[in-house]
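Below is one structure, written out as structure tokens; the observations come after it.
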Amino acid sequence: MKNILQSKIAYLLIFCGLYSCAQAQKVEESIKQKQVKSIISSLAADNMMGRKAGTEGEKKAAAFIAQEFTKAGLKPLPGFKNYDQKFTHQGLPMLNVLGVIPGKSKNKKTREEIVVFSAHYDHLGVRKGAKGDSIYNGADDDASGVTAVISLAHYFSKQGNNQRTLMFVAFTAEEIGLVGSTYFGKQLKKSQLAKIVAGINIEMVGKASKFGRKGAFITGYSYSNLGKILQENAQGTGFTFHPDPYKKYNLFQRSDNYALARHGIPAHTISSVDIANDKHYHQVSDEVNTLDIENLTDMIKAVALGVRSIVAGKDTPTRLKLK
């Protein structure tokens with residue numbers, strides 16, 4: 001009896017190991033550095049004119065993101081004709097870009113539960129009266145995060161096995177006070193908010209963190225067990241997720257995750273920026289050539305693996321109880 005039990009345990013360990021290895025292999029095959037560089041180079045190009053909310057640059061960036069969502073096979077949200085969530089702020093027309101991959105579970109409750117992946121695509125626009133470079137390209141802030149969201153949309157769409165519904169959101173107007181994400185949150189009914197089981201916001205992940213390459217931090221880490229789930233699923237990748245080391249900056253409340261977190265949803269921001277020392281932050285020098293594209297690609301792969309048990313409906317992060 002003892003030998004039979006030991007054999008079953010050994011088989012289970014081997015199976016789990018093979019499963020993890022297979023998942024890692026799929027990530028390696030699907031998320032390529034060349035594609036990541038192509039996406040971020042397009043978003044942070046000079047012809048996007050700094051992607052300032054309410055400008056032609058914003059519209060052009062939104063159109064590019066929508067094009068990528070189409071390539072990934074995302075569907076518009078129920079009731080939407082396309083990916084645009086339009087609204088007006090201070091008299092200016094603006095839009096968030098939203099797309100979904102419907103859940104595949106046979107269980108209706110699981111199928112209708114939602115995991116949100118988000119990042120803001122707006123930046124600071126063009127510096128008036130400047131000599132030389134005048135465009136705030138916003139490569140790290142936050143073309144890097146949007147690139148991650150687009151890459152994850154392509155990856156999960158290709159896998160086609162998500163049990164929960166996956167929503168991919170590119171927010172506008174973060175730079176002027178979380179306007180786009182706040183509008184998004186206010187449009188959701190209580191019944192819809194209750195179905196969102198996790199919010200994975202991604203911001204400024206184009207460089208190695210203070211923890212080194214293959215490391216990132218999660219804002220509000222202690223508020224839920226989302227970070228622990230990500231780290232457990234990412235074991236063996238060499239990538240590590242850490243608590244936010246910059247608590248004095250209140251990053252948890254200052255990024256788009258907060259639009260969902262304030263409703264009790266375990267929504268956190270993943271980042272790698274050394275915000276205390278980054279000389280390119282909110283400067284015209286924030287360009288693609290300052291980024292570590294290989295590390296960005298590794299980070300996207302780690303997130304894809306880190307959320308797999310949540311996407312599969314096996315893990316549900318604890319709800320937030322903010323003070």
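Identifiers in the structure tokens: chain A, B, ... in order shown; residue index from 1 per chain; ligand index from 1 in order shown.
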### Message
I'd like the contact shell of Arg213 of chain A - 7 Å cut-off, only C-alpha atoms, skipping same-chain residues fewer than 4 positions apart - returned as a list in words.
### Response
Ala208, Ser209 and Asn295 of chain A
Output of the above residues as a PDB file, in the first residue's frame, restricted to all heavy atoms:
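Result written to out_22.pdb:
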ATOM      1  N   ALA A 208      15.354  47.069 -15.756  1.00  0.00           N
ATOM      2  CA  ALA A 208      15.606  46.225 -14.596  1.00  0.00           C
ATOM      3  C   ALA A 208      15.247  46.986 -13.326  1.00  0.00           C
ATOM      4  O   ALA A 208      15.428  48.204 -13.233  1.00  0.00           O
ATOM      5  CB  ALA A 208      17.075  45.807 -14.566  1.00  0.00           C
ATOM      6  N   SER A 209      14.732  46.277 -12.336  1.00  0.00           N
ATOM      7  CA  SER A 209      14.319  46.901 -11.085  1.00  0.00           C
ATOM      8  C   SER A 209      15.493  47.008 -10.116  1.00  0.00           C
ATOM      9  O   SER A 209      16.592  46.530 -10.393  1.00  0.00           O
ATOM     10  CB  SER A 209      13.217  46.062 -10.439  1.00  0.00           C
ATOM     11  OG  SER A 209      13.763  44.849  -9.938  1.00  0.00           O
ATOM     12  N   ASN A 295      14.689  42.120 -21.011  1.00  0.00           N
ATOM     13  CA  ASN A 295      14.122  42.012 -19.668  1.00  0.00           C
ATOM     14  C   ASN A 295      12.611  42.248 -19.689  1.00  0.00           C
ATOM     15  O   ASN A 295      11.853  41.578 -18.980  1.00  0.00           O
ATOM     16  CB  ASN A 295      14.804  43.007 -18.727  1.00  0.00           C
ATOM     17  CG  ASN A 295      14.508  42.708 -17.265  1.00  0.00           C
ATOM     18  OD1 ASN A 295      14.879  41.661 -16.746  1.00  0.00           O
ATOM     19  ND2 ASN A 295      13.821  43.622 -16.608  1.00  0.00           N
TER      20      ASN A 295
END
Sorted by chain and rising residue number, list the residues of segment 125-153 of chain A at most 12 Å from segment 93-97 of chain A (counting only C-alpha atoms), each with its closest atom pair and distance in Å to one decimal, as JSON lines.
{"residue": "A:Val146", "atom": "CA", "partner": "A:Val97", "partner_atom": "CA", "distance": 10.8}
{"residue": "A:Val149", "atom": "CA", "partner": "A:Val97", "partner_atom": "CA", "distance": 11.4}
{"residue": "A:Ile150", "atom": "CA", "partner": "A:Val97", "partner_atom": "CA", "distance": 11.2}
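Of the listed residues A:Leu226, A:Leu251, A:Ala216, A:Met299, the one whose atoms come nearest to Ser271 of chain A is A:Ala216, with distances taken using only C-alpha atoms.
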Residues of segment 87-162 of chain A within 12 Å of segment 51-64 of chain A: nearest atom pair and distance (Å, one decimal) for each, counting only C-alpha atoms, sorted by chain and number, as a Markdown table?
| residue | atom | partner | partner_atom | distance |
| --- | --- | --- | --- | --- |
| A:Phe87 | CA | A:Gly54 | CA | 10.2 |
| A:Thr88 | CA | A:Gly54 | CA | 8.8 |
| A:His89 | CA | A:Gly54 | CA | 8.4 |
| A:Gln90 | CA | A:Gly54 | CA | 9.5 |
| A:Gly91 | CA | A:Gly54 | CA | 9.1 |
| A:Leu92 | CA | A:Gly54 | CA | 5.4 |
| A:Pro93 | CA | A:Gly54 | CA | 5.7 |
| A:Met94 | CA | A:Gly54 | CA | 5.3 |
| A:Leu95 | CA | A:Ala62 | CA | 7.7 |
| A:Asn96 | CA | A:Ala62 | CA | 7.7 |
| A:Val97 | CA | A:Ala62 | CA | 6.6 |
| A:Leu98 | CA | A:Ala62 | CA | 10.1 |
| A:His120 | CA | A:Arg51 | CA | 10.4 |
| A:Tyr121 | CA | A:Arg51 | CA | 7.2 |
| A:Asp122 | CA | A:Arg51 | CA | 4.9 |
| A:His123 | CA | A:Lys52 | CA | 5.0 |
| A:Leu124 | CA | A:Lys52 | CA | 5.1 |
| A:Gly125 | CA | A:Lys52 | CA | 4.4 |
| A:Val126 | CA | A:Lys52 | CA | 8.0 |
| A:Arg127 | CA | A:Lys52 | CA | 10.9 |
| A:Ile135 | CA | A:Arg51 | CA | 9.5 |
| A:Tyr136 | CA | A:Arg51 | CA | 8.3 |
| A:Asn137 | CA | A:Arg51 | CA | 7.8 |
| A:Gly138 | CA | A:Arg51 | CA | 8.3 |
| A:Ala139 | CA | A:Arg51 | CA | 10.7 |
| A:Asp141 | CA | A:Arg51 | CA | 10.9 |
| A:Asp142 | CA | A:Arg51 | CA | 10.2 |
| A:Ala143 | CA | A:Arg51 | CA | 9.8 |
| A:Val146 | CA | A:Ala61 | CA | 10.5 |
| A:Thr147 | CA | A:Phe64 | CA | 11.2 |
| A:Ile150 | CA | A:Phe64 | CA | 10.6 |
### Task
Could you tell me, as number ranges by chain, which residues of segment 74-169 of chain A DSSP assigns to alpha helix (DSSP H) when given the backbone?
A: 108-112, 144-159
### Task
Pick out the closest residue to Gly177 of chain A from this set: A:His280, A:Lys214, A:His242, A:Arg254. Count only C-alpha atoms.
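Looking only at the distances to Gly177 of chain A, the closest residue turns out to be A:Arg254.
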### Query
In Å, how far is it from atom CA of Phe217 of chain A to atom CA of Ala302 of chain A?
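Going from atom CA of Phe217 of chain A over to atom CA of Ala302 of chain A covers 12.5 Å.
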